[in-house]
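data09.pdb (PDB, C-alpha atoms, pLDDT in the B column) appears below.
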```pdb
ATOM      1  CA  MET A 159     255.467 135.455  26.392  1.00 90.00           C
ATOM      2  CA  ASN A 160     254.827 135.633  30.140  1.00 97.00           C
ATOM      3  CA  GLU A 161     257.594 135.285  32.725  1.00 96.00           C
ATOM      4  CA  VAL A 162     256.552 131.816  33.914  1.00 96.00           C
ATOM      5  CA  LEU A 163     256.792 130.372  30.400  1.00 97.00           C
ATOM      6  CA  LYS A 164     260.108 132.159  29.792  1.00 95.00           C
ATOM      7  CA  ASN A 165     261.469 130.557  32.967  1.00 96.00           C
ATOM      8  CA  ILE A 166     260.238 127.078  31.971  1.00 95.00           C
ATOM      9  CA  TYR A 167     261.600 127.290  28.425  1.00 94.00           C
ATOM     10  CA  GLY A 168     264.890 128.847  29.551  1.00 94.00           C
ATOM     11  CA  ARG A 169     265.842 126.304  32.228  1.00 95.00           C
ATOM     12  CA  ARG A 170     268.394 123.607  31.450  1.00 94.00           C
ATOM     13  CA  SER A 171     270.373 120.999  33.360  1.00 96.00           C
ATOM     14  CA  VAL A 172     273.711 122.495  34.420  1.00 96.00           C
ATOM     15  CA  ARG A 173     276.799 120.287  34.649  1.00 95.00           C
ATOM     16  CA  ALA A 174     279.533 122.892  35.274  1.00 95.00           C
ATOM     17  CA  TYR A 175     279.590 125.081  38.399  1.00 97.00           C
ATOM     18  CA  SER A 176     281.711 127.897  39.768  1.00 95.00           C
ATOM     19  CA  ASP A 177     283.075 127.935  43.329  1.00 92.00           C
ATOM     20  CA  GLU A 178     280.744 130.783  44.293  1.00 96.00           C
ATOM     21  CA  PRO A 179     278.632 129.705  47.286  1.00 97.00           C
ATOM     22  CA  VAL A 180     274.847 129.760  47.309  1.00 98.00           C
ATOM     23  CA  SER A 181     273.401 131.724  50.236  1.00 98.00           C
ATOM     24  CA  GLU A 182     271.248 130.039  52.885  1.00 98.00           C
ATOM     25  CA  GLU A 183     268.477 132.486  52.026  1.00 98.00           C
ATOM     26  CA  VAL A 184     268.423 131.268  48.416  1.00 98.00           C
ATOM     27  CA  ILE A 185     268.626 127.593  49.463  1.00 98.00           C
ATOM     28  CA  ASN A 186     265.685 128.063  51.835  1.00 98.00           C
ATOM     29  CA  GLU A 187     263.667 129.746  49.081  1.00 98.00           C
ATOM     30  CA  ILE A 188     264.395 126.856  46.691  1.00 98.00           C
ATOM     31  CA  ILE A 189     263.255 124.304  49.285  1.00 98.00           C
ATOM     32  CA  LYS A 190     260.156 126.350  50.106  1.00 98.00           C
ATOM     33  CA  ALA A 191     259.235 126.329  46.402  1.00 98.00           C
ATOM     34  CA  GLY A 192     259.577 122.545  46.411  1.00 98.00           C
ATOM     35  CA  PHE A 193     257.432 122.149  49.510  1.00 98.00           C
ATOM     36  CA  HIS A 194     254.709 124.240  47.876  1.00 98.00           C
ATOM     37  CA  ALA A 195     254.362 121.764  44.991  1.00 98.00           C
ATOM     38  CA  PRO A 196     251.175 119.705  44.708  1.00 98.00           C
ATOM     39  CA  ASN A 197     251.204 116.480  46.737  1.00 98.00           C
ATOM     40  CA  GLY A 198     248.802 113.587  47.121  1.00 98.00           C
ATOM     41  CA  MET A 199     245.909 114.454  49.474  1.00 98.00           C
ATOM     42  CA  ASN A 200     248.025 117.342  50.837  1.00 97.00           C
ATOM     43  CA  VAL A 201     249.814 114.948  53.216  1.00 97.00           C
ATOM     44  CA  GLN A 202     252.982 117.106  52.944  1.00 98.00           C
ATOM     45  CA  ALA A 203     255.240 114.103  53.560  1.00 98.00           C
ATOM     46  CA  LEU A 204     258.397 115.355  51.847  1.00 98.00           C
ATOM     47  CA  ARG A 205     261.587 115.857  53.848  1.00 98.00           C
ATOM     48  CA  PHE A 206     264.724 117.703  52.703  1.00 98.00           C
ATOM     49  CA  VAL A 207     268.423 117.295  53.464  1.00 98.00           C
ATOM     50  CA  VAL A 208     271.005 119.919  52.438  1.00 98.00           C
ATOM     51  CA  VAL A 209     274.652 118.890  51.998  1.00 98.00           C
ATOM     52  CA  GLN A 210     277.291 121.576  51.421  1.00 98.00           C
ATOM     53  CA  LYS A 211     280.331 120.021  53.092  1.00 98.00           C
ATOM     54  CA  ARG A 212     282.805 119.336  50.273  1.00 97.00           C
ATOM     55  CA  GLU A 213     284.272 116.220  51.915  1.00 98.00           C
ATOM     56  CA  LEU A 214     280.811 114.661  52.138  1.00 98.00           C
ATOM     57  CA  LEU A 215     279.966 115.602  48.560  1.00 98.00           C
ATOM     58  CA  THR A 216     283.161 113.873  47.422  1.00 98.00           C
ATOM     59  CA  LEU A 217     282.389 110.804  49.534  1.00 98.00           C
ATOM     60  CA  TYR A 218     278.782 110.624  48.317  1.00 98.00           C
ATOM     61  CA  SER A 219     279.951 110.946  44.730  1.00 98.00           C
ATOM     62  CA  GLU A 220     282.212 107.918  45.231  1.00 98.00           C
ATOM     63  CA  ILE A 221     279.437 105.924  46.918  1.00 98.00           C
ATOM     64  CA  GLY A 222     276.962 106.800  44.171  1.00 97.00           C
ATOM     65  CA  LYS A 223     279.481 105.855  41.480  1.00 97.00           C
ATOM     66  CA  ARG A 224     280.329 102.540  43.126  1.00 97.00           C
ATOM     67  CA  MET A 225     276.707 101.501  43.684  1.00 96.00           C
ATOM     68  CA  SER A 226     275.600 102.636  40.211  1.00 94.00           C
ATOM     69  CA  LEU A 227     278.532 100.808  38.601  1.00 94.00           C
ATOM     70  CA  THR A 228     277.483  97.548  40.239  1.00 93.00           C
ATOM     71  CA  ASN A 229     273.923  98.066  39.043  1.00 92.00           C
ATOM     72  CA  PHE A 230     274.893  98.868  35.437  1.00 92.00           C
ATOM     73  CA  LYS A 231     277.372  95.985  35.231  1.00 91.00           C
ATOM     74  CA  ASN A 232     274.632  93.603  36.348  1.00 90.00           C
ATOM     75  CA  LYS A 233     272.283  95.036  33.717  1.00 90.00           C
ATOM     76  CA  LEU A 234     274.963  94.730  31.032  1.00 87.00           C
ATOM     77  CA  GLU A 235     275.054  90.950  31.379  1.00 86.00           C
ATOM     78  CA  ALA A 236     271.387  90.662  30.377  1.00 86.00           C
ATOM     79  CA  ALA A 237     271.241  93.643  27.995  1.00 87.00           C
ATOM     80  CA  VAL A 238     270.030  93.340  24.429  1.00 89.00           C
ATOM     81  CA  PRO A 239     272.430  94.725  21.763  1.00 84.00           C
ATOM     82  CA  GLN A 240     270.698  98.124  21.425  1.00 86.00           C
ATOM     83  CA  GLU A 241     271.058  98.721  25.194  1.00 89.00           C
ATOM     84  CA  ARG A 242     274.703  97.677  25.467  1.00 89.00           C
ATOM     85  CA  MET A 243     276.256 100.801  23.954  1.00 89.00           C
ATOM     86  CA  GLY A 244     274.527 103.143  26.381  1.00 90.00           C
ATOM     87  CA  LEU A 245     275.340 100.945  29.368  1.00 92.00           C
ATOM     88  CA  GLU A 246     278.978 100.622  28.321  1.00 91.00           C
ATOM     89  CA  ARG A 247     279.261 104.415  28.060  1.00 93.00           C
ATOM     90  CA  LEU A 248     277.752 104.841  31.539  1.00 93.00           C
ATOM     91  CA  ILE A 249     280.156 102.249  32.959  1.00 92.00           C
ATOM     92  CA  GLU A 250     283.103 104.005  31.319  1.00 95.00           C
ATOM     93  CA  ASN A 251     282.105 107.390  32.815  1.00 94.00           C
ATOM     94  CA  LEU A 252     281.514 105.963  36.274  1.00 94.00           C
ATOM     95  CA  SER A 253     284.844 104.110  36.181  1.00 95.00           C
ATOM     96  CA  ASN A 254     286.741 107.374  35.691  1.00 96.00           C
ATOM     97  CA  PRO A 255     288.229 108.322  39.095  1.00 95.00           C
ATOM     98  CA  LYS A 256     288.080 112.023  38.152  1.00 96.00           C
ATOM     99  CA  PHE A 257     284.361 111.959  37.375  1.00 97.00           C
ATOM    100  CA  ASP A 258     282.303 113.771  40.027  1.00 98.00           C
ATOM    101  CA  ILE A 259     278.627 112.896  39.757  1.00 98.00           C
ATOM    102  CA  PHE A 260     277.825 116.298  41.310  1.00 98.00           C
ATOM    103  CA  TYR A 261     279.911 118.254  38.760  1.00 97.00           C
ATOM    104  CA  GLY A 262     281.526 120.394  41.439  1.00 97.00           C
ATOM    105  CA  ALA A 263     278.202 121.889  42.557  1.00 98.00           C
ATOM    106  CA  PRO A 264     278.352 123.465  46.030  1.00 98.00           C
ATOM    107  CA  VAL A 265     274.886 122.314  47.137  1.00 98.00           C
ATOM    108  CA  LEU A 266     273.180 118.918  47.117  1.00 98.00           C
ATOM    109  CA  ILE A 267     269.546 118.778  48.211  1.00 99.00           C
ATOM    110  CA  LEU A 268     268.063 115.332  48.754  1.00 98.00           C
ATOM    111  CA  VAL A 269     264.272 115.115  48.598  1.00 98.00           C
ATOM    112  CA  PHE A 270     262.856 112.237  50.644  1.00 98.00           C
ATOM    113  CA  ALA A 271     259.308 110.974  51.044  1.00 98.00           C
ATOM    114  CA  ALA A 272     258.159 109.853  54.478  1.00 98.00           C
ATOM    115  CA  PRO A 273     256.173 106.589  54.620  1.00 98.00           C
ATOM    116  CA  GLU A 274     252.846 108.387  55.033  1.00 98.00           C
ATOM    117  CA  ALA A 275     253.156 109.824  51.496  1.00 98.00           C
ATOM    118  CA  LEU A 276     250.353 108.461  49.340  1.00 98.00           C
ATOM    119  CA  THR A 277     252.100 109.340  46.067  1.00 98.00           C
ATOM    120  CA  PRO A 278     255.799 109.605  46.988  1.00 98.00           C
ATOM    121  CA  ASN A 279     257.298 109.517  43.485  1.00 98.00           C
ATOM    122  CA  GLU A 280     254.868 112.042  42.082  1.00 98.00           C
ATOM    123  CA  ASP A 281     255.204 114.341  45.098  1.00 98.00           C
ATOM    124  CA  GLY A 282     259.004 114.274  44.924  1.00 98.00           C
ATOM    125  CA  ALA A 283     259.135 114.842  41.174  1.00 98.00           C
ATOM    126  CA  LEU A 284     256.747 117.794  41.370  1.00 98.00           C
ATOM    127  CA  ALA A 285     258.778 119.306  44.210  1.00 98.00           C
ATOM    128  CA  ALA A 286     262.012 118.806  42.270  1.00 98.00           C
ATOM    129  CA  GLU A 287     260.679 120.620  39.223  1.00 98.00           C
ATOM    130  CA  ASN A 288     259.438 123.506  41.356  1.00 98.00           C
ATOM    131  CA  MET A 289     262.871 123.719  42.978  1.00 99.00           C
ATOM    132  CA  MET A 290     264.754 123.699  39.674  1.00 98.00           C
ATOM    133  CA  LEU A 291     262.467 126.341  38.179  1.00 98.00           C
ATOM    134  CA  ALA A 292     262.732 128.512  41.302  1.00 98.00           C
ATOM    135  CA  ALA A 293     266.520 128.201  41.169  1.00 98.00           C
ATOM    136  CA  HIS A 294     266.614 129.154  37.490  1.00 97.00           C
ATOM    137  CA  SER A 295     264.508 132.238  38.183  1.00 97.00           C
ATOM    138  CA  MET A 296     267.197 133.348  40.661  1.00 97.00           C
ATOM    139  CA  GLY A 297     270.141 132.672  38.342  1.00 95.00           C
ATOM    140  CA  ILE A 298     271.048 129.366  40.008  1.00 97.00           C
ATOM    141  CA  GLY A 299     271.770 126.249  37.937  1.00 96.00           C
ATOM    142  CA  SER A 300     270.469 122.809  38.828  1.00 98.00           C
ATOM    143  CA  CYS A 301     270.497 119.182  37.764  1.00 98.00           C
ATOM    144  CA  TRP A 302     268.757 115.982  38.899  1.00 98.00           C
ATOM    145  CA  ILE A 303     271.539 113.441  39.593  1.00 98.00           C
ATOM    146  CA  GLY A 304     270.228 109.961  38.869  1.00 97.00           C
ATOM    147  CA  PHE A 305     273.512 108.326  39.930  1.00 97.00           C
ATOM    148  CA  ALA A 306     272.957 109.681  43.449  1.00 98.00           C
ATOM    149  CA  GLY A 307     269.699 107.773  43.816  1.00 97.00           C
ATOM    150  CA  ALA A 308     271.789 104.876  45.129  1.00 95.00           C
ATOM    151  CA  LEU A 309     272.522 106.908  48.282  1.00 97.00           C
ATOM    152  CA  GLY A 310     269.005 106.162  49.492  1.00 97.00           C
ATOM    153  CA  TYR A 311     269.882 102.458  49.636  1.00 96.00           C
ATOM    154  CA  ASN A 312     273.052 102.943  51.656  1.00 97.00           C
ATOM    155  CA  PRO A 313     272.318 102.489  55.398  1.00 96.00           C
ATOM    156  CA  ASP A 314     275.480 104.350  56.453  1.00 97.00           C
ATOM    157  CA  VAL A 315     274.516 107.403  54.388  1.00 97.00           C
ATOM    158  CA  MET A 316     270.930 107.328  55.656  1.00 97.00           C
ATOM    159  CA  LYS A 317     272.166 107.145  59.255  1.00 97.00           C
ATOM    160  CA  GLU A 318     274.644 109.988  58.718  1.00 96.00           C
ATOM    161  CA  LEU A 319     271.865 112.135  57.259  1.00 97.00           C
ATOM    162  CA  ASN A 320     269.573 111.297  60.206  1.00 97.00           C
ATOM    163  CA  ILE A 321     266.959 109.914  57.829  1.00 97.00           C
ATOM    164  CA  PRO A 322     264.833 106.967  59.037  1.00 97.00           C
ATOM    165  CA  SER A 323     265.211 103.796  56.982  1.00 94.00           C
ATOM    166  CA  ASP A 324     261.515 103.867  56.021  1.00 97.00           C
ATOM    167  CA  HIS A 325     261.990 107.138  54.094  1.00 98.00           C
ATOM    168  CA  LYS A 326     262.476 106.946  50.329  1.00 98.00           C
ATOM    169  CA  LEU A 327     264.969 109.089  48.421  1.00 98.00           C
ATOM    170  CA  ILE A 328     263.083 110.506  45.446  1.00 98.00           C
ATOM    171  CA  ALA A 329     265.173 113.331  44.015  1.00 98.00           C
ATOM    172  CA  PRO A 330     268.896 114.071  44.451  1.00 98.00           C
ATOM    173  CA  LEU A 331     269.330 117.627  43.128  1.00 99.00           C
ATOM    174  CA  ILE A 332     272.403 119.822  42.789  1.00 98.00           C
ATOM    175  CA  PHE A 333     272.436 123.616  42.775  1.00 98.00           C
ATOM    176  CA  GLY A 334     275.041 126.285  42.190  1.00 97.00           C
ATOM    177  CA  HIS A 335     276.153 129.223  40.096  1.00 96.00           C
ATOM    178  CA  PRO A 336     276.780 128.047  36.518  1.00 95.00           C
ATOM    179  CA  LYS A 337     280.273 128.491  35.130  1.00 93.00           C
ATOM    180  CA  LYS A 338     280.544 131.140  32.449  1.00 80.00           C
ATOM    181  CA  GLY A 339     279.782 129.908  28.974  1.00 69.00           C
ATOM    182  CA  ASP A 340     276.870 128.895  26.819  1.00 63.00           C
ATOM    183  CA  MET A 341     274.082 127.871  29.189  1.00 70.00           C
ATOM    184  CA  ALA A 342     271.342 128.138  26.589  1.00 76.00           C
ATOM    185  CA  PRO A 343     268.557 125.565  26.891  1.00 78.00           C
ATOM    186  CA  SER A 344     268.868 122.410  24.804  1.00 82.00           C
ATOM    187  CA  GLN A 345     266.848 122.234  21.616  1.00 86.00           C
ATOM    188  CA  ARG A 346     263.524 120.435  21.769  1.00 88.00           C
ATOM    189  CA  MET A 347     261.723 118.679  18.950  1.00 92.00           C
ATOM    190  CA  GLU A 348     258.136 119.478  18.060  1.00 93.00           C
ATOM    191  CA  VAL A 349     255.692 118.438  20.779  1.00 94.00           C
ATOM    192  CA  PRO A 350     254.612 114.867  19.923  1.00 95.00           C
ATOM    193  CA  ILE A 351     250.849 115.063  20.479  1.00 96.00           C
ATOM    194  CA  VAL A 352     249.728 111.583  19.443  1.00 96.00           C
ATOM    195  CA  LYS A 353     246.055 112.388  19.157  1.00 96.00           C
ATOM    196  CA  TRP A 354     243.769 115.317  19.880  1.00 97.00           C
ATOM    197  CA  ILE A 355     240.124 114.361  20.260  1.00 98.00           C
ATOM    198  CA  ARG A 356     237.705 117.260  19.926  1.00 97.00           C
TER     199      ARG A 356
END
```

What is this structure when it is put down as structure tokens?
Amino acid sequence: MNEVLKNIYGRRSVRAYSDEPVSEEVINEIIKAGFHAPNGMNVQALRFVVVQKRELLTLYSEIGKRMSLTNFKNKLEAAVPQERMGLERLIENLSNPKFDIFYGAPVLILVFAAPEALTPNEDGALAAENMMLAAHSMGIGSCWIGFAGALGYNPDVMKELNIPSDHKLIAPLIFGHPKKGDMAPSQRMEVPIVKWIR
């Protein structure tokens, strides 16, 4: 198996990080890999913000939790029975004052799309995957933090990050050195190819 496939199949989402810092050189390489992802009409409209300050990470975790909690509680009221269990579990996790949505990671990279992006969601998702694969190849763990998506709707956060209000937060990603332990990739089922027309 070639090295690219080994890297793809070996990557997993990491939710436990050591205190070891990630060097600026490595962070820059991860962002460069993201910026080299395909993007609609090669507009190159992605913008990146790096947050390493622990106080801000703690604050942003609280903001993300609070905004996500409001969203999930609103959804719970209209949820059908099969959705309720999952929503209730999310609400329970987010209500825990000890829960850090960033799992103690030392680096948060926020991937934004500027308004000129023709395909902002696709561009951001492709960049995020490049970044996570690049990180894995260098021994750095990563995880896409859906709860942090709410930060893009908070005007105070956007102002603090110097991001114009017309920019869209696509991918909140954490990076860091994984804590020791079993970091093997999760098991995958057989590929569900619905139909193959020859």

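The residue that comes closest to Gln210 of chain A, out of A:Tyr175, A:Phe333, A:Phe257, A:Trp302 and on the basis of all atoms listed in the file, is A:Phe333.
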
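Non-sequential neighbours of Phe260 of chain A (distance at most 7 Å, separation of 2 or more positions within a chain, all atoms listed in the file) are Ser219, Asp258, Gly262, Ala263 and Ile332 of chain A.
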
How about saving the chosen residues, C-alpha atoms kept, as a PDB file, in the coordinates of the input?
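Dumped everything to out.pdb:
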```
ATOM      1  CA  SER A 219     279.951 110.946  44.730  1.00 98.00           C
ATOM      2  CA  ASP A 258     282.303 113.771  40.027  1.00 98.00           C
ATOM      3  CA  GLY A 262     281.526 120.394  41.439  1.00 97.00           C
ATOM      4  CA  ALA A 263     278.202 121.889  42.557  1.00 98.00           C
ATOM      5  CA  ILE A 332     272.403 119.822  42.789  1.00 98.00           C
TER       6      ILE A 332
END
```

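Closest approach to Val172 of chain A from the set A:Tyr311, A:Phe305, A:Trp354, A:Tyr261 is made by A:Tyr261, with distances taken over only C-alpha atoms.
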
Inset, instruction - Would you list the contacts of Ala292 of chain A as a PyMOL selection string, taking every protein, DNA or RNA residue within 10 Å and counting all atoms listed in the file, but skipping same-chain residues closer than 6 positions in sequence? - result: chain A and resi 165-166+169+184+187-192+286+298-300

Inset, instruction - Please measure the separation of atom CA of Leu252 of chain A and atom CA of Leu284 of chain A, giving the value in Å to one decimal. - result: 27.9 Å

Inset, instruction - Identify the residues within 8 Å of coordinate (261.3, 105.0, 44.9) (same frame as the file), considering all atoms listed in the file, and give the answer as a ChimeraX atom specification. - result: /A:278-279,326-328

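The closest residue to Asn251 of chain A, picked from A:Leu227, A:Lys353, A:His335, A:Met341 and counting only C-alpha atoms, is A:Leu227.
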
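Closest approach to Asn200 of chain A among A:Leu276, A:Leu214, A:Val162, A:Val315 is made by A:Leu276 (distances from all atoms listed in the file).
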
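Rounded to one decimal, atom CA of His325 of chain A and atom CA of Leu268 of chain A lie 11.5 Å from each other.
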
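Using only C-alpha atoms, the nearest neighbour of Ala174 of chain A within the list A:Ala195, A:Val269, A:Met243, A:Cys301 is A:Cys301.
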
When you write segment 227-251 of chain A out from the block above, keep N, CA and C atoms and present the result as a CSV table (one decimal), in the first residue's frame, please.
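As written to disk, part09.csv reads:
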```csv
chain,number,residue,atom,x,y,z
A,227,LEU,N,-26.0,24.7,22.9
A,227,LEU,CA,-27.0,24.2,23.8
A,227,LEU,C,-28.3,24.8,23.4
A,228,THR,N,-28.4,26.1,23.2
A,228,THR,CA,-29.6,26.8,22.8
A,228,THR,C,-30.2,26.2,21.5
A,229,ASN,N,-29.3,25.9,20.6
A,229,ASN,CA,-29.7,25.3,19.3
A,229,ASN,C,-30.3,23.9,19.5
A,230,PHE,N,-29.6,23.1,20.3
A,230,PHE,CA,-30.1,21.7,20.5
A,230,PHE,C,-31.4,21.7,21.3
A,231,LYS,N,-31.5,22.6,22.3
A,231,LYS,CA,-32.7,22.6,23.1
A,231,LYS,C,-33.9,23.0,22.2
A,232,ASN,N,-33.7,24.0,21.3
A,232,ASN,CA,-34.8,24.3,20.4
A,232,ASN,C,-35.2,23.2,19.5
A,233,LYS,N,-34.2,22.4,19.0
A,233,LYS,CA,-34.5,21.3,18.1
A,233,LYS,C,-35.2,20.2,18.9
A,234,LEU,N,-34.9,20.0,20.2
A,234,LEU,CA,-35.5,19.0,21.0
A,234,LEU,C,-37.0,19.1,21.1
A,235,GLU,N,-37.5,20.3,21.1
A,235,GLU,CA,-38.9,20.6,21.2
A,235,GLU,C,-39.7,20.0,20.1
A,236,ALA,N,-39.1,20.0,18.9
A,236,ALA,CA,-39.8,19.6,17.7
A,236,ALA,C,-39.3,18.2,17.2
A,237,ALA,N,-38.4,17.6,18.0
A,237,ALA,CA,-37.8,16.3,17.5
A,237,ALA,C,-38.7,15.2,17.6
A,238,VAL,N,-38.6,14.3,16.6
A,238,VAL,CA,-39.3,13.0,16.6
A,238,VAL,C,-38.6,12.1,17.5
A,239,PRO,N,-39.3,11.0,18.0
A,239,PRO,CA,-38.7,10.2,19.1
A,239,PRO,C,-37.4,9.6,18.8
A,240,GLN,N,-37.1,9.2,17.5
A,240,GLN,CA,-35.8,8.6,17.2
A,240,GLN,C,-34.6,9.6,17.3
A,241,GLU,N,-35.0,10.9,17.2
A,241,GLU,CA,-33.9,12.0,17.3
A,241,GLU,C,-33.7,12.4,18.7
A,242,ARG,N,-34.7,12.2,19.6
A,242,ARG,CA,-34.6,12.7,21.0
A,242,ARG,C,-33.4,12.2,21.8
A,243,MET,N,-33.1,10.9,21.7
A,243,MET,CA,-32.1,10.3,22.5
A,243,MET,C,-30.7,11.0,22.2
A,244,GLY,N,-30.4,11.1,20.9
A,244,GLY,CA,-29.2,11.7,20.5
A,244,GLY,C,-29.1,13.2,20.9
A,245,LEU,N,-30.2,13.9,20.8
A,245,LEU,CA,-30.2,15.3,21.2
A,245,LEU,C,-30.0,15.5,22.7
A,246,GLU,N,-30.7,14.6,23.4
A,246,GLU,CA,-30.6,14.6,24.9
A,246,GLU,C,-29.2,14.3,25.4
A,247,ARG,N,-28.5,13.4,24.7
A,247,ARG,CA,-27.1,13.1,25.0
A,247,ARG,C,-26.2,14.3,24.8
A,248,LEU,N,-26.4,15.0,23.6
A,248,LEU,CA,-25.6,16.2,23.3
A,248,LEU,C,-25.9,17.3,24.3
A,249,ILE,N,-27.1,17.5,24.7
A,249,ILE,CA,-27.4,18.5,25.7
A,249,ILE,C,-26.8,18.2,27.1
A,250,GLU,N,-26.8,16.9,27.4
A,250,GLU,CA,-26.1,16.5,28.7
A,250,GLU,C,-24.6,16.8,28.7
A,251,ASN,N,-24.0,16.4,27.5
A,251,ASN,CA,-22.5,16.7,27.4
A,251,ASN,C,-22.2,18.2,27.5
```
